[in-house]
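Encoded as structure tokens, the structure appears first; notes follow it.
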Amino acid sequence: MIWAMPHTYEHGEFPTGRVLGAKGDRLVSVCIPARDEGSTVGSVVRAVVQPFLARGGGNGLVDEVIVLDDGSVDDTAEQAGDAGARVVSGPSGGGGKGQAMAAALDAAQGDVIVFLDADVANTTPAFVTGMLGPLLLFDEVALVKGFYTRPLHGDPTGGGRVTELVARPVLELLFPELSEVRQPLAGETAAHRWVFEKVGFADGYGVELGLLIDVAAHLGPDSLAQVDLGERIHRNRPLDELRPQAVDVLRAALDRWSGPTGPPGAPAQ
């Protein structure tokens with residue numbers, strides 16, 4: 001039987017005052033892995049720093065904003081620092097997204113960690129409150145994924161080609177209990193620190209799908225939540241740049257799948 005995710009919310013269910021009131025003494029870190037995103041990373045950082053970071057004049061919901069500079073050759077680090085983030089260099093020579101997220105976690109002090117993507121042109125404060133709300137308010141929630149509409153070439157939908165052609169079909173076939181996760185590859189991901197430390201990070205672009213499957217396996221699908229963040233506008237990459245991402249995503253799923261006779265290629269039991 002296909003499980004329907006019970007924890008699905010709209011970001012408007014988590015106004016700032018409600019989320020701030022639930023924070024208590026927990027530290028919140030917002031981490032933004034970035035490589036060559038100088039044109040957008042500053043606006044992403046400002047959407048967090050200005051309303052939420054106390055030293056930036058905000059209300060104190062967020063205790064630190066970290067940009068993990070993953071080997072950028074443009075002005076990503078300068079733009080992020082000017083906007084108010086603490087910039088941390090990633091693994092020497094750059095790595096993949098999973099490695100960048102692991103390095104960001106190592107650098108962060110928070111009890112609760114929110115990851116945001118650096119290439120989003122319309123990040124708003126609701127991305128942060130929406131992701132934090134379920135974690136701070138509901139004890140049963142361990143991991144939160146954002147979901148949204150993604151325009152493509154002027155159409156209101158059509159973005160997220162790897163999601164629709166690879167990630168969601170492979171979940172439907174191999175992990176049907178996760179088939180109702182609407183954006184399994186969303187970079188807007190949040191969890192308690194102990195959750196990330198427990199399951200770790202897959203390499204490369206397989207990290208988001210790996211996190212989803214691993215948290216469900218260790219803590220149960222009911223520990224997951226998803227929040228509608230509205231519309232997400234970002235750079236849509238040409239098709240030839242999506243193939244490596246698709247390969248990483250498929251590899252992460254197959255590495256974690258064990259059917260009646262084991263993973264594909266395994267000896268018959």
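Chain identifiers are assigned as A, B, and so on, following the order in which chains appear in the structure tokens; residues are numbered from 1 within each chain, and ligands are numbered from 1 in order of appearance.
The residues of range 31-76 of chain A that DSSP assigns to strand (DSSP E or B) on this backbone come out as Cys31, Ile32, Pro33, Ala34, Leu53, Val62, Glu64, Val65, Ile66, Val67, Leu68 and Asp69 of chain A.
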**Message:** I need the residues in range 167-265 of chain A that are helix (DSSP H, G or I) according to DSSP; give them as a ChimeraX atom specification.
**Reply:** /A:167-174,176-178,193-199,204-219,221-223,239-256
Each range 82-174 of chain A residue no farther than 6 Å from range 218-233 of chain A, nearest pair in Å, only C-alpha atoms, as a Markdown table:
| residue | atom | partner | partner_atom | distance |
| --- | --- | --- | --- | --- |
| A:Val120 | CA | A:Ile233 | CA | 5.7 |
| A:Ala121 | CA | A:Ile233 | CA | 5.5 |
| A:Asn122 | CA | A:Ile233 | CA | 5.9 |
| A:Glu140 | CA | A:Ser223 | CA | 5.7 |
| A:Val141 | CA | A:Ser223 | CA | 4.6 |
| A:Ala142 | CA | A:Ser223 | CA | 5.2 |
| A:Leu143 | CA | A:Leu224 | CA | 5.1 |
| A:Val144 | CA | A:Ala225 | CA | 4.7 |
| A:Lys145 | CA | A:Gln226 | CA | 4.7 |
| A:Gly146 | CA | A:Val227 | CA | 4.9 |
| A:Phe147 | CA | A:Asp228 | CA | 5.0 |
| A:Tyr148 | CA | A:Gly230 | CA | 4.9 |
| A:Thr149 | CA | A:Glu231 | CA | 4.8 |
| A:Arg150 | CA | A:Arg232 | CA | 5.4 |
**Request:** Take CA of Ala167 in chain A and CA of Ile66 in chain A and report the distance between them in Å, one decimal.
**Result:** 28.1 Å
**Complete:** Shortest contact to Arg193 in chain A, candidates A:Ala217, A:Val181, A:Ala126, A:Ile113, atoms counted only C-alpha atoms, goes to A:Ile113
**Request:** Please provide the set of residues having any atom within 10 Å of range 35-46 of chain A, restricted to only C-alpha atoms, with same-chain residues fewer than 4 positions apart removed, written as a ChimeraX atom specification.
**Result:** /A:30-31,50-53,56,65-86,90,94-97,100,116-125,234-235
**Asked** Residues at most 12 Å from range 175-178 of chain A, counting only C-alpha atoms, excluding those fewer than 3 positions away in the same chain, as a PyMOL selection string?
**Response** chain A and resi 1-6+167-172+181-184+209-217+220-226+253-254+256-259
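The interatomic distance for the pair CA of Gln245 in chain A and CA of Ala47 in chain A works out to 27.3 Å.
Comparing the minimum interatomic distances between Ala186 in chain A and each of A:Asp203, A:Asp106, A:Glu208, A:Glu241, counting only C-alpha atoms, we find that A:Glu208 sits nearest.
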**Asked** Which residues come within 10 Å of Thr129 in chain A, counting only C-alpha atoms, excluding same-chain residues fewer than 5 positions away, as an MDAnalysis selection string?
**Response** chainID A and resid 11:20 48 52 61:62 114 124 134 136 229
